[in-house]
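Structure data (compact mmCIF, C-alpha atoms) from target23.txt:
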# COMPACT_ATOMS: atom_id res chain seq x y z
CA MET A 1 -109.95 -44.31 15.42
CA LYS A 2 -106.54 -42.71 15.70
CA VAL A 3 -106.58 -38.96 16.11
CA ASN A 4 -103.37 -37.36 14.85
CA LEU A 5 -103.94 -33.86 16.15
CA TYR A 6 -106.22 -32.25 18.72
CA LEU A 7 -107.37 -28.64 18.53
CA ASP A 8 -109.18 -26.80 21.28
CA ALA A 9 -111.18 -23.98 19.66
CA LYS A 10 -113.63 -23.59 22.53
CA GLY A 11 -114.58 -20.00 23.29
CA LEU A 12 -113.37 -18.78 19.91
CA THR A 13 -115.87 -17.01 17.69
CA CYS A 14 -116.17 -16.87 13.94
CA PRO A 15 -113.91 -16.76 11.95
CA MET A 16 -111.23 -18.00 14.40
CA PRO A 17 -112.30 -21.68 14.69
CA ILE A 18 -111.97 -22.18 10.94
CA VAL A 19 -108.77 -20.13 10.73
CA LYS A 20 -107.22 -22.39 13.41
CA ILE A 21 -108.62 -25.57 11.87
CA LYS A 22 -107.17 -24.66 8.50
CA LYS A 23 -103.74 -24.03 10.02
CA ALA A 24 -103.91 -27.32 11.91
CA MET A 25 -104.97 -29.23 8.80
CA ASP A 26 -102.05 -27.72 6.87
CA THR A 27 -99.69 -29.60 9.20
CA LEU A 28 -101.39 -32.97 8.60
CA GLU A 29 -100.83 -35.54 5.85
CA HIS A 30 -103.48 -37.04 3.58
CA GLY A 31 -105.78 -39.38 5.53
CA GLU A 32 -104.75 -38.10 8.96
CA ILE A 33 -107.40 -37.04 11.44
CA LEU A 34 -107.96 -33.80 13.34
CA GLU A 35 -110.19 -33.65 16.40
CA VAL A 36 -111.55 -30.20 17.13
CA HIS A 37 -113.73 -28.88 19.93
CA VAL A 38 -115.75 -25.68 19.37
CA THR A 39 -118.47 -23.79 21.18
CA ASP A 40 -119.43 -21.25 18.51
CA LYS A 41 -122.80 -22.28 17.03
CA GLY A 42 -121.85 -20.79 13.67
CA ALA A 43 -119.28 -23.58 13.36
CA LEU A 44 -122.05 -26.17 13.09
CA ALA A 45 -122.78 -25.08 9.53
CA ASP A 46 -119.41 -23.57 8.63
CA ILE A 47 -117.10 -26.49 9.46
CA PRO A 48 -118.94 -29.04 7.28
CA ALA A 49 -119.23 -26.45 4.46
CA TRP A 50 -115.53 -25.64 4.74
CA ALA A 51 -114.62 -29.35 4.81
CA GLN A 52 -116.73 -30.05 1.75
CA ALA A 53 -115.17 -27.18 -0.17
CA GLY A 54 -111.70 -28.60 0.56
CA GLY A 55 -112.70 -32.23 -0.03
CA HIS A 56 -112.07 -33.20 3.63
CA THR A 57 -114.31 -35.76 5.31
CA ILE A 58 -116.24 -35.20 8.52
CA LEU A 59 -115.97 -38.62 10.17
CA GLN A 60 -117.87 -37.73 13.27
CA GLN A 61 -119.84 -34.83 14.71
CA ALA A 62 -121.27 -34.72 18.21
CA GLU A 63 -122.55 -32.16 20.67
CA ALA A 64 -122.46 -32.46 24.45
CA ALA A 65 -122.84 -29.78 27.12
CA GLY A 66 -122.54 -26.99 24.59
CA VAL A 67 -119.28 -28.32 23.12
CA ILE A 68 -119.33 -29.48 19.51
CA THR A 69 -116.75 -32.08 18.52
CA PHE A 70 -115.69 -32.79 14.95
CA LEU A 71 -113.38 -35.50 13.64
CA ILE A 72 -112.09 -34.36 10.28
CA GLN A 73 -110.03 -36.50 7.91
CA LYS A 74 -107.71 -34.62 5.60
CA ALA A 75 -108.19 -35.03 1.87
CA MET B 1 -107.26 2.18 2.76
CA SER B 2 -109.22 2.14 5.96
CA VAL B 3 -112.04 -0.20 6.83
CA GLN B 4 -115.27 1.52 7.78
CA GLN B 5 -117.81 0.14 10.19
CA TRP B 6 -121.42 0.69 9.18
CA ASP B 7 -124.26 0.13 11.57
CA ALA B 8 -127.62 -1.37 10.61
CA SER B 9 -129.34 2.02 10.73
CA PHE B 10 -126.91 3.37 8.10
CA VAL B 11 -127.57 0.40 5.80
CA ALA B 12 -131.34 0.73 6.38
CA LYS B 13 -131.20 4.30 5.03
CA LYS B 14 -129.54 2.99 1.87
CA VAL B 15 -132.35 0.48 1.39
CA ILE B 16 -135.04 3.09 1.97
CA HIS B 17 -133.41 5.76 -0.19
CA ASN B 18 -132.86 3.35 -3.08
CA GLU B 19 -129.10 3.82 -3.04
CA LYS B 20 -126.64 1.62 -4.88
CA LEU B 21 -124.46 -0.76 -2.90
CA PHE B 22 -122.30 -3.80 -3.60
CA ILE B 23 -122.58 -6.45 -0.90
CA LEU B 24 -119.92 -9.10 -0.47
CA ASP B 25 -121.69 -11.68 1.69
CA VAL B 26 -119.16 -14.09 3.20
CA ARG B 27 -121.62 -16.47 4.85
CA ASN B 28 -122.34 -20.01 3.69
CA ALA B 29 -124.14 -20.39 0.39
CA ASP B 30 -127.14 -21.91 2.22
CA ALA B 31 -127.45 -18.96 4.58
CA PHE B 32 -127.15 -16.49 1.70
CA GLU B 33 -129.77 -18.36 -0.35
CA ASP B 34 -132.11 -18.31 2.61
CA TRP B 35 -131.96 -14.58 3.30
CA LYS B 36 -129.81 -11.55 2.65
CA ILE B 37 -129.92 -7.77 2.91
CA ASP B 38 -132.40 -6.82 0.24
CA GLY B 39 -132.15 -3.48 -1.52
CA HIS B 40 -133.76 -2.19 -4.70
CA GLN B 41 -130.37 -1.40 -6.24
CA PHE B 42 -128.04 -3.72 -4.37
CA GLU B 43 -125.67 -6.11 -6.12
CA TYR B 44 -124.30 -9.21 -4.48
CA LEU B 45 -121.37 -11.57 -4.44
CA ASN B 46 -121.55 -14.54 -2.10
CA ILE B 47 -118.28 -16.29 -1.26
CA PRO B 48 -117.90 -17.96 2.13
CA TYR B 49 -115.09 -16.46 4.23
CA PHE B 50 -113.46 -19.84 4.64
CA GLU B 51 -112.77 -19.97 0.92
CA LEU B 52 -110.85 -16.71 1.21
CA LEU B 53 -108.43 -17.62 3.98
CA ASP B 54 -105.53 -17.98 1.53
CA GLY B 55 -106.17 -14.55 0.06
CA ILE B 56 -108.72 -12.40 -1.70
CA GLU B 57 -106.73 -11.77 -4.90
CA ASP B 58 -108.95 -14.09 -6.94
CA ILE B 59 -112.10 -12.13 -6.19
CA LEU B 60 -110.67 -8.62 -6.59
CA PRO B 61 -111.73 -8.37 -10.26
CA LYS B 62 -115.31 -9.14 -9.21
CA ILE B 63 -115.46 -6.32 -6.69
CA PRO B 64 -116.28 -2.93 -8.20
CA THR B 65 -114.19 0.14 -7.48
CA ASP B 66 -116.86 2.64 -8.57
CA LYS B 67 -119.40 1.64 -5.94
CA GLU B 68 -119.55 1.43 -2.18
CA VAL B 69 -118.74 -2.09 -0.95
CA LEU B 70 -120.10 -3.63 2.23
CA VAL B 71 -118.84 -6.96 3.58
CA VAL B 72 -121.44 -8.92 5.54
CA CYS B 73 -121.34 -12.11 7.61
CA ALA B 74 -123.43 -13.75 10.32
CA LYS B 75 -122.12 -11.91 13.36
CA GLU B 76 -119.33 -9.57 12.22
CA GLY B 77 -116.02 -11.36 12.84
CA SER B 78 -115.52 -12.87 9.40
CA SER B 79 -116.67 -9.75 7.57
CA LEU B 80 -114.13 -7.66 9.48
CA MET B 81 -111.38 -10.14 8.60
CA ILE B 82 -112.26 -10.12 4.90
CA ALA B 83 -112.77 -6.34 4.90
CA GLU B 84 -109.26 -5.93 6.33
CA MET B 85 -107.83 -8.21 3.65
CA LEU B 86 -109.55 -6.15 0.96
CA SER B 87 -108.33 -2.98 2.57
CA GLU B 88 -104.73 -4.25 2.52
CA ALA B 89 -105.22 -4.89 -1.18
CA GLY B 90 -106.02 -1.19 -1.58
CA ARG B 91 -109.80 -1.36 -1.59
CA ASP B 92 -112.10 1.01 0.26
CA VAL B 93 -114.67 -1.17 2.02
CA ALA B 94 -117.01 -1.28 4.99
CA TYR B 95 -118.30 -4.11 7.15
CA LEU B 96 -121.66 -4.43 8.88
CA ALA B 97 -121.45 -4.02 12.66
CA GLY B 98 -123.04 -7.03 14.34
CA GLY B 99 -123.58 -8.80 11.01
CA MET B 100 -126.86 -10.35 9.93
CA LYS B 101 -127.78 -10.94 13.57
CA THR B 102 -127.97 -7.20 14.17
CA TRP B 103 -129.54 -6.61 10.77
CA SER B 104 -132.36 -9.02 11.60
CA GLU B 105 -133.07 -7.09 14.78
CA TYR B 106 -132.93 -3.52 13.49
CA LEU B 107 -136.17 -1.50 13.44
CA GLU B 108 -136.62 1.71 11.47
CA PRO B 109 -139.54 3.86 12.69
CA ILE B 110 -141.24 5.66 9.79
CA LYS B 111 -144.22 7.97 10.04
CA VAL B 112 -147.13 6.67 7.98
CA GLY B 113 -149.33 9.70 8.45
CA ASP B 114 -151.06 12.25 10.67
CA LEU B 115 -154.26 11.40 12.48
CA THR B 116 -157.22 13.53 13.45
CA GLY B 117 -156.40 16.23 15.99
CA GLY B 118 -152.62 16.06 15.81
CA GLY B 119 -152.17 12.32 16.29
CA GLU B 120 -149.55 10.28 14.43
CA LEU B 121 -149.21 6.75 13.14
CA TYR B 122 -145.77 5.14 12.96
CA GLN B 123 -144.73 1.95 11.24
CA PHE B 124 -141.65 0.19 12.64
CA VAL B 125 -140.03 -1.56 9.72
CA ARG B 126 -137.86 -4.55 10.60
CA LEU B 127 -136.05 -4.68 7.27
CA GLY B 128 -134.03 -7.80 8.05
CA LYS B 129 -137.02 -9.93 8.92
CA GLY B 130 -139.88 -8.24 7.10
CA CYS B 131 -141.86 -7.60 10.30
CA LEU B 132 -143.97 -4.46 10.68
CA SER B 133 -145.12 -3.07 14.03
CA TYR B 134 -147.26 -0.01 14.67
CA MET B 135 -147.63 2.80 17.18
CA VAL B 136 -150.68 5.04 17.28
CA ILE B 137 -150.02 8.27 19.14
CA SER B 138 -152.55 10.85 20.25
CA GLU B 139 -152.57 13.46 22.99
CA GLY B 140 -150.01 11.93 25.27
CA GLU B 141 -151.16 8.34 24.83
CA ALA B 142 -150.07 5.48 22.62
CA ALA B 143 -151.26 2.09 21.44
CA ILE B 144 -148.91 -0.49 19.96
CA ILE B 145 -149.90 -3.22 17.52
CA ASP B 146 -147.86 -6.35 16.71
CA ALA B 147 -144.73 -5.30 18.58
CA VAL B 148 -141.62 -7.39 17.91
CA ARG B 149 -139.49 -8.55 20.83
CA PHE B 150 -137.16 -5.53 21.02
CA THR B 151 -139.33 -3.83 23.59
CA GLU B 152 -136.92 -1.01 24.40
CA VAL B 153 -137.26 0.33 20.85
CA PHE B 154 -140.95 0.98 21.53
CA THR B 155 -140.61 2.19 25.10
CA SER B 156 -137.78 4.60 24.17
CA PHE B 157 -139.74 5.86 21.17
CA ALA B 158 -142.75 6.49 23.43
CA ALA B 159 -140.52 8.30 25.93
CA HIS B 160 -139.01 10.40 23.15
CA LYS B 161 -142.53 11.30 21.97
CA LYS B 162 -143.57 11.93 25.59
CA VAL B 163 -146.51 9.54 25.37
CA GLU B 164 -147.73 6.86 27.74
CA ILE B 165 -148.30 3.39 26.29
CA LYS B 166 -151.85 2.43 27.32
CA HIS B 167 -152.83 -0.42 25.01
CA VAL B 168 -150.79 -3.19 23.42
CA PHE B 169 -152.36 -5.51 20.83
CA ASP B 170 -151.34 -8.57 18.89
CA THR B 171 -153.52 -9.22 15.84
CA HIS B 172 -152.92 -12.94 16.36
CA LEU B 173 -150.62 -15.44 18.02
CA HIS B 174 -147.50 -15.00 15.87
CA ALA B 175 -145.61 -18.00 14.53
CA ASP B 176 -142.73 -16.38 12.67
CA HIS B 177 -141.39 -13.97 15.26
CA ILE B 178 -141.45 -13.53 19.00
CA SER B 179 -143.90 -10.92 20.22
CA GLY B 180 -142.82 -8.13 22.52
CA GLY B 181 -146.41 -7.20 23.36
CA ARG B 182 -146.78 -8.90 26.70
CA HIS B 183 -143.42 -7.60 27.95
CA ILE B 184 -144.14 -4.02 26.90
CA ALA B 185 -147.46 -4.19 28.74
CA GLU B 186 -145.75 -5.57 31.86
CA ALA B 187 -143.09 -2.85 31.77
CA THR B 188 -145.50 0.04 31.24
CA GLY B 189 -148.70 -1.01 32.99
CA ALA B 190 -150.53 -1.04 29.65
CA THR B 191 -153.26 -3.56 28.85
CA TYR B 192 -152.21 -6.47 26.63
CA TYR B 193 -154.88 -7.78 24.27
CA LEU B 194 -154.95 -11.07 22.36
CA PRO B 195 -157.75 -12.70 20.37
CA PRO B 196 -159.15 -15.33 22.78
CA LYS B 197 -159.46 -17.96 20.03
CA ASP B 198 -155.69 -17.81 19.52
CA ALA B 199 -154.99 -17.67 23.23
CA GLU B 200 -156.51 -20.90 24.52
CA GLU B 201 -153.13 -22.28 25.54
CA VAL B 202 -151.43 -19.12 26.80
CA VAL B 203 -150.18 -19.24 30.37
CA PHE B 204 -150.44 -15.54 31.24
CA SER B 205 -153.40 -13.25 31.71
CA TYR B 206 -154.52 -10.97 28.88
CA ALA B 207 -157.48 -8.86 27.90
CA PRO B 208 -159.67 -10.48 25.24
CA LEU B 209 -159.62 -8.76 21.88
CA GLU B 210 -163.20 -9.09 20.64
CA ASP B 211 -164.85 -8.25 17.35
CA GLY B 212 -166.27 -4.73 17.35
CA MET B 213 -164.29 -3.59 20.35
CA THR B 214 -162.87 -0.06 20.19
CA VAL B 215 -160.35 1.71 22.34
CA GLN B 216 -159.82 5.44 22.28
CA ILE B 217 -156.30 6.85 22.20
CA GLY B 218 -155.96 10.26 23.86
CA ALA B 219 -158.83 12.60 24.49
CA SER B 220 -159.86 13.16 20.89
CA ASN B 221 -161.65 10.70 18.73
CA ILE B 222 -158.91 8.55 17.40
CA ASP B 223 -160.06 5.04 17.88
CA VAL B 224 -158.68 1.65 17.15
CA GLY B 225 -161.51 -0.68 16.20
CA ALA B 226 -161.22 -4.45 16.04
CA ILE B 227 -162.64 -6.54 13.18
CA TYR B 228 -162.63 -10.31 13.56
CA SER B 229 -160.89 -11.58 10.40
CA PRO B 230 -159.88 -15.24 10.76
CA GLY B 231 -157.89 -17.26 8.26
CA HIS B 232 -154.20 -17.01 9.06
CA THR B 233 -155.15 -18.16 12.54
CA ILE B 234 -158.64 -18.75 13.89
CA GLY B 235 -158.40 -15.64 16.09
CA SER B 236 -156.81 -13.22 13.59
CA THR B 237 -158.21 -9.75 14.09
CA SER B 238 -157.75 -6.58 12.02
CA PHE B 239 -157.91 -2.98 13.18
CA VAL B 240 -159.28 0.19 11.68
CA VAL B 241 -157.39 3.20 13.02
CA ASP B 242 -158.93 6.67 12.85
CA ASN B 243 -161.35 5.50 10.12
CA ASN B 244 -158.45 5.71 7.70
CA TYR B 245 -156.03 2.83 8.15
CA LEU B 246 -156.66 -0.93 8.04
CA LEU B 247 -154.13 -2.98 9.98
CA THR B 248 -154.46 -6.45 8.48
CA GLY B 249 -152.01 -8.45 10.58
CA ASP B 250 -150.98 -11.58 8.66
CA ILE B 251 -154.21 -11.86 6.69
CA LEU B 252 -153.51 -9.53 3.78
CA PHE B 253 -150.16 -8.23 2.58
CA ILE B 254 -149.30 -5.84 -0.24
CA ASP B 255 -148.32 -8.44 -2.81
CA SER B 256 -149.59 -11.64 -1.19
CA ILE B 257 -152.08 -13.06 1.29
CA GLY B 258 -151.76 -14.88 4.61
CA ARG B 259 -151.20 -18.62 4.84
CA PRO B 260 -153.60 -20.71 6.89
CA ASP B 261 -151.31 -23.52 7.99
CA LEU B 262 -148.94 -22.26 10.68
CA ALA B 263 -151.12 -23.45 13.51
CA GLY B 264 -151.53 -26.74 11.73
CA LEU B 265 -155.05 -26.43 10.33
CA ALA B 266 -154.83 -25.28 6.70
CA GLU B 267 -157.87 -27.24 5.51
CA ASP B 268 -159.99 -26.05 8.43
CA TRP B 269 -159.13 -22.39 8.10
CA VAL B 270 -158.91 -21.86 4.38
CA GLY B 271 -162.67 -21.19 4.26
CA ASP B 272 -162.27 -18.51 6.94
CA LEU B 273 -159.43 -16.95 5.00
CA ARG B 274 -161.60 -16.88 1.87
CA ASP B 275 -164.49 -15.27 3.76
CA THR B 276 -162.26 -12.63 5.31
CA LEU B 277 -160.57 -11.65 2.07
CA TYR B 278 -163.56 -11.96 -0.27
CA LYS B 279 -166.46 -10.95 2.02
CA ARG B 280 -165.46 -9.18 5.25
CA TYR B 281 -162.83 -6.92 3.67
CA ARG B 282 -165.06 -6.23 0.65
CA LYS B 283 -167.51 -4.47 2.95
CA LEU B 284 -164.86 -1.95 3.99
CA SER B 285 -164.08 1.32 2.25
CA ASP B 286 -161.72 1.09 -0.72
CA GLU B 287 -160.08 4.23 0.59
CA LEU B 288 -158.65 2.56 3.69
CA ILE B 289 -154.85 2.33 3.66
CA VAL B 290 -153.77 -1.25 4.28
CA LEU B 291 -150.93 -1.67 6.78
CA PRO B 292 -149.88 -5.32 7.09
CA ALA B 293 -147.75 -7.02 9.76
CA HIS B 294 -145.19 -8.17 7.20
CA PHE B 295 -143.60 -7.61 3.86
CA MET B 296 -141.94 -10.43 1.95
CA ILE B 297 -140.05 -8.67 -0.84
CA ILE B 298 -138.36 -5.32 -1.08
CA GLU B 299 -140.66 -4.31 -3.96
CA GLU B 300 -143.46 -3.98 -1.39
CA LEU B 301 -141.75 -0.93 0.13
CA ASN B 302 -142.97 2.50 -0.96
CA GLY B 303 -140.56 5.29 -1.90
CA ASP B 304 -140.48 6.56 1.68
CA GLY B 305 -139.77 3.11 3.12
CA THR B 306 -143.31 2.49 4.36
CA VAL B 307 -145.31 -0.59 3.48
CA ALA B 308 -148.83 0.71 2.82
CA LYS B 309 -151.35 0.69 -0.02
CA ARG B 310 -155.01 1.60 -0.65
CA LEU B 311 -157.36 -1.33 -0.11
CA GLY B 312 -159.03 -0.55 -3.45
CA ASP B 313 -155.66 -0.89 -5.20
CA LEU B 314 -155.05 -4.24 -3.54
CA PHE B 315 -158.45 -5.51 -4.70
CA ALA B 316 -157.37 -4.59 -8.21
CA GLN B 317 -153.76 -5.79 -8.10
CA ASN B 318 -153.14 -8.41 -5.41
CA HIS B 319 -153.29 -11.83 -7.04
CA GLY B 320 -154.57 -13.46 -3.84
CA LEU B 321 -157.65 -11.22 -3.90
CA ASN B 322 -158.41 -12.08 -7.51
CA ILE B 323 -158.84 -15.83 -7.58
CA ARG B 324 -162.50 -16.06 -8.58
CA ASN B 325 -162.84 -19.80 -8.27
CA GLU B 326 -163.14 -20.82 -4.63
CA GLU B 327 -161.79 -24.33 -5.21
CA GLU B 328 -158.77 -22.92 -7.03
CA PHE B 329 -158.22 -20.53 -4.11
CA LYS B 330 -158.38 -23.38 -1.61
CA ARG B 331 -155.99 -25.46 -3.65
CA ILE B 332 -153.42 -22.66 -3.88
CA VAL B 333 -153.43 -21.73 -0.21
CA THR B 334 -153.28 -25.29 1.04
CA ASN B 335 -151.05 -26.95 -1.58
CA GLU B 336 -148.74 -24.27 -2.91
CA LEU B 337 -147.33 -23.12 0.39
CA PRO B 338 -143.72 -22.03 0.80
CA PRO B 339 -141.57 -23.74 3.48
CA GLN B 340 -142.68 -22.91 7.01
CA PRO B 341 -140.72 -20.26 8.92
CA ASN B 342 -137.74 -21.32 10.99
CA ALA B 343 -138.69 -22.80 14.39
CA TYR B 344 -142.32 -21.69 14.00
CA GLN B 345 -143.68 -24.21 16.47
CA GLU B 346 -141.20 -23.18 19.16
CA ILE B 347 -141.95 -19.51 18.44
CA ARG B 348 -145.65 -20.16 19.06
CA GLN B 349 -144.73 -21.80 22.38
CA VAL B 350 -142.73 -18.71 23.36
CA ASN B 351 -145.63 -16.44 22.43
CA MET B 352 -147.93 -18.57 24.58
CA GLY B 353 -145.55 -18.06 27.49
CA LYS B 354 -144.83 -21.80 27.74
CA ILE B 355 -141.10 -21.54 27.17
CA THR B 356 -138.67 -18.70 27.83
CA PRO B 357 -135.51 -19.04 25.75
CA THR B 358 -132.41 -16.90 26.33
CA PRO B 359 -131.94 -13.86 24.07
CA ASP B 360 -129.36 -15.81 22.01
CA GLU B 361 -131.78 -18.70 21.57
CA GLN B 362 -134.51 -16.26 20.54
CA THR B 363 -132.16 -14.82 17.91
CA GLU B 364 -131.48 -18.32 16.57
CA MET B 365 -135.21 -19.09 16.41
CA GLU B 366 -135.96 -15.97 14.42
CA ILE B 367 -133.17 -16.41 11.87
CA GLY B 368 -134.27 -16.33 8.26
CA PRO B 369 -137.17 -14.89 6.31
CA ASN B 370 -140.68 -14.69 7.78
CA ARG B 371 -142.56 -16.79 5.19
CA CYS B 372 -146.03 -15.90 6.40
CA ALA B 373 -147.54 -15.46 2.98
CA VAL B 374 -148.82 -17.27 -0.07
CA ARG B 375 -148.04 -15.45 -3.31
For this file, produce the structure as structure tokens.
Amino acid sequence: MKVNLYLDAKGLTCPMPIVKIKKAMDTLEHGEILEVHVTDKGALADIPAWAQAGGHTILQQAEAAGVITFLIQKA
Amino acid sequence: MSVQQWDASFVAKKVIHNEKLFILDVRNADAFEDWKIDGHQFEYLNIPYFELLDGIEDILPKIPTDKEVLVVCAKEGSSLMIAEMLSEAGRDVAYLAGGMKTWSEYLEPIKVGDLTGGGELYQFVRLGKGCLSYMVISEGEAAIIDAVRFTEVFTSFAAHKKVEIKHVFDTHLHADHISGGRHIAEATGATYYLPPKDAEEVVFSYAPLEDGMTVQIGASNIDVGAIYSPGHTIGSTSFVVDNNYLLTGDILFIDSIGRPDLAGLAEDWVGDLRDTLYKRYRKLSDELIVLPAHFMIIEELNGDGTVAKRLGDLFAQNHGLNIRNEEEFKRIVTNELPPQPNAYQEIRQVNMGKITPTPDEQTEMEIGPNRCAVR
């Protein structure tokens, strides 16, 4: 899977991960993919809810060593 | 317009004093549905913060200008951001310091009444979680019942009252919140009591809380007497304090009754629950004031913020005490149960001393409403 943009949001707390993700997504085209790494637990619920509200697709979600990774495809 | 920061204690006073407040809750819809800051006269608007990143203009018409407005989120960050956006749009708003996390932890001590010989009984109301803890004070000594995990609230209160904590009780092994009892006892040298039937798996030492046992607080005759009252758990024990107050633990609440399933044995314990509510409690004086370990809805709070009601009134009004047919009772309390509390099995493990999560993990485990009752 080709990732078009990578965003490191580790160490950021709510609301900053979503603020940064939104800005990053604004630079992408329809169908392109953003990979984001976060450590804030609040993001686990907020990122999928935000994606759903905007029609974006979460292609992949994984957690390892306290870091949560999302692959988000732009609507 | 400036953004004000309100702390949990300030918001608690608004709940207790029945004040009006408009709450803009910017958490996820799921989180808001699950639990929120309840107030008798509070109004709510729930819009997740991430739907407001492009601006708050669309919601301005929905936010009143003739009422105080509080923005709330999980931990604080998002509510501050949205509060600042509202402020830039000319609105006067506040945000909740520490968010729902802090709200869920805040305890408001309220005096329930005076005891014989100058003693006092305090109820610690955890508004955000619906937990109620108690401190009995008399002549320089104190006993604590069903303490929540914020031990310093109790130890500082005791210090402020210049009393020594001698006895710490849990009415049962809690499944909805983490007990602070054992840690308070360790810190103060007090004795920690648990009902032995609930404590078979605990990995620390404790004093057995037996039926009929009494302990005296201070030199005068204020005693705390134990009554075995199973049903929520097999060990559940109630207390009569100063012949005037009945501490029911999670067996009987103001507007509901305990659920028998959180230790996994609803069918086995429903008969015990029936016996406790319909036989054991019936033998007690109607004049006793019931003080439960939880409230579920804000309507259970009295005008002064306490959660307390005459046993005789509960026999007349509490639906769970008025199901004549035993089979119907059994069906309701085994089949019509609400969802179980968040992480209740892990919470039981913590209260048995088997696992020791970090403070952050404990906060996560306790998120959400307590759900200890059947209504």
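Across the model, the gap from CA of Val93 in chain B to CA of Gln4 in chain B is 6.4 Å.
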- With a distance cut-off of 9 Å and all atoms listed in the file, select the neighbouring residues of range 150-162 of chain B, excluding the residue or stretch itself and same-chain residues fewer than 4 positions from it, and output the selection as a list in words. Glu105, Tyr106, Leu107, Pro109, Phe124, Met135, Ile137, Gly140, Glu141, Ala142, Ile144, Ser179, Gly180, Gly181, His183, Ile184, Ala187 and Thr188 of chain B
Please determine the contact residues of chain B with respect to chain A at a cut-off of 8 Å, counting all atoms listed in the file, and supply them as a compact mmCIF listing (two decimals) with C-alpha atoms, in the coordinates of the input.
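Output file part24.txt is given in full below:
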# COMPACT_ATOMS: atom_id res chain seq x y z
CA ASN B 28 -122.34 -20.01 3.69
CA TYR B 49 -115.09 -16.46 4.23
CA PHE B 50 -113.46 -19.84 4.64
CA GLU B 51 -112.77 -19.97 0.92
CA LEU B 53 -108.43 -17.62 3.98
CA ALA B 74 -123.43 -13.75 10.32
CA LYS B 75 -122.12 -11.91 13.36
CA GLY B 77 -116.02 -11.36 12.84
CA SER B 78 -115.52 -12.87 9.40
CA MET B 81 -111.38 -10.14 8.60
Between CA of Gly119 in chain B and CA of Glu139 in chain B, measure the distance and give it in Å to one decimal.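 These two atoms are separated by 6.8 Å.
Put simply, CA of Lys10 in chain A is 24.7 Å away from CA of Ala29 in chain B.
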Please return as a compact mmCIF listing (two decimals) with C-alpha atoms, in the coordinates of the input every residue within 7 Å of (-139.5, -15.1, 19.0), taking into account only C-alpha atoms and the file's own coordinates.
# COMPACT_ATOMS: atom_id res chain seq x y z
CA ARG B 149 -139.49 -8.55 20.83
CA HIS B 177 -141.39 -13.97 15.26
CA ILE B 178 -141.45 -13.53 19.00
CA SER B 179 -143.90 -10.92 20.22
CA ILE B 347 -141.95 -19.51 18.44
CA VAL B 350 -142.73 -18.71 23.36
CA GLN B 362 -134.51 -16.26 20.54
CA MET B 365 -135.21 -19.09 16.41
CA GLU B 366 -135.96 -15.97 14.42
Query - Distance criterion (all atoms listed in the file): nearest to Leu5 in chain A out of A:Leu44, A:Pro17, A:Ala64, A:Val36 - result: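 Of A:Leu44, A:Pro17, A:Ala64, A:Val36, the one nearest Leu5 in chain A is A:Val36, counting all atoms listed in the file.
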message = Just want the 12 Å neighbourhood of Gln123 in chain B, counted on all atoms listed in the file, with same-chain residues fewer than 4 positions away dropped. Output as a VMD selection string.
response = chain B and resid 107 to 113 127 131 to 137 144 to 148 154 157 245 247 290 to 294 301 304 to 308
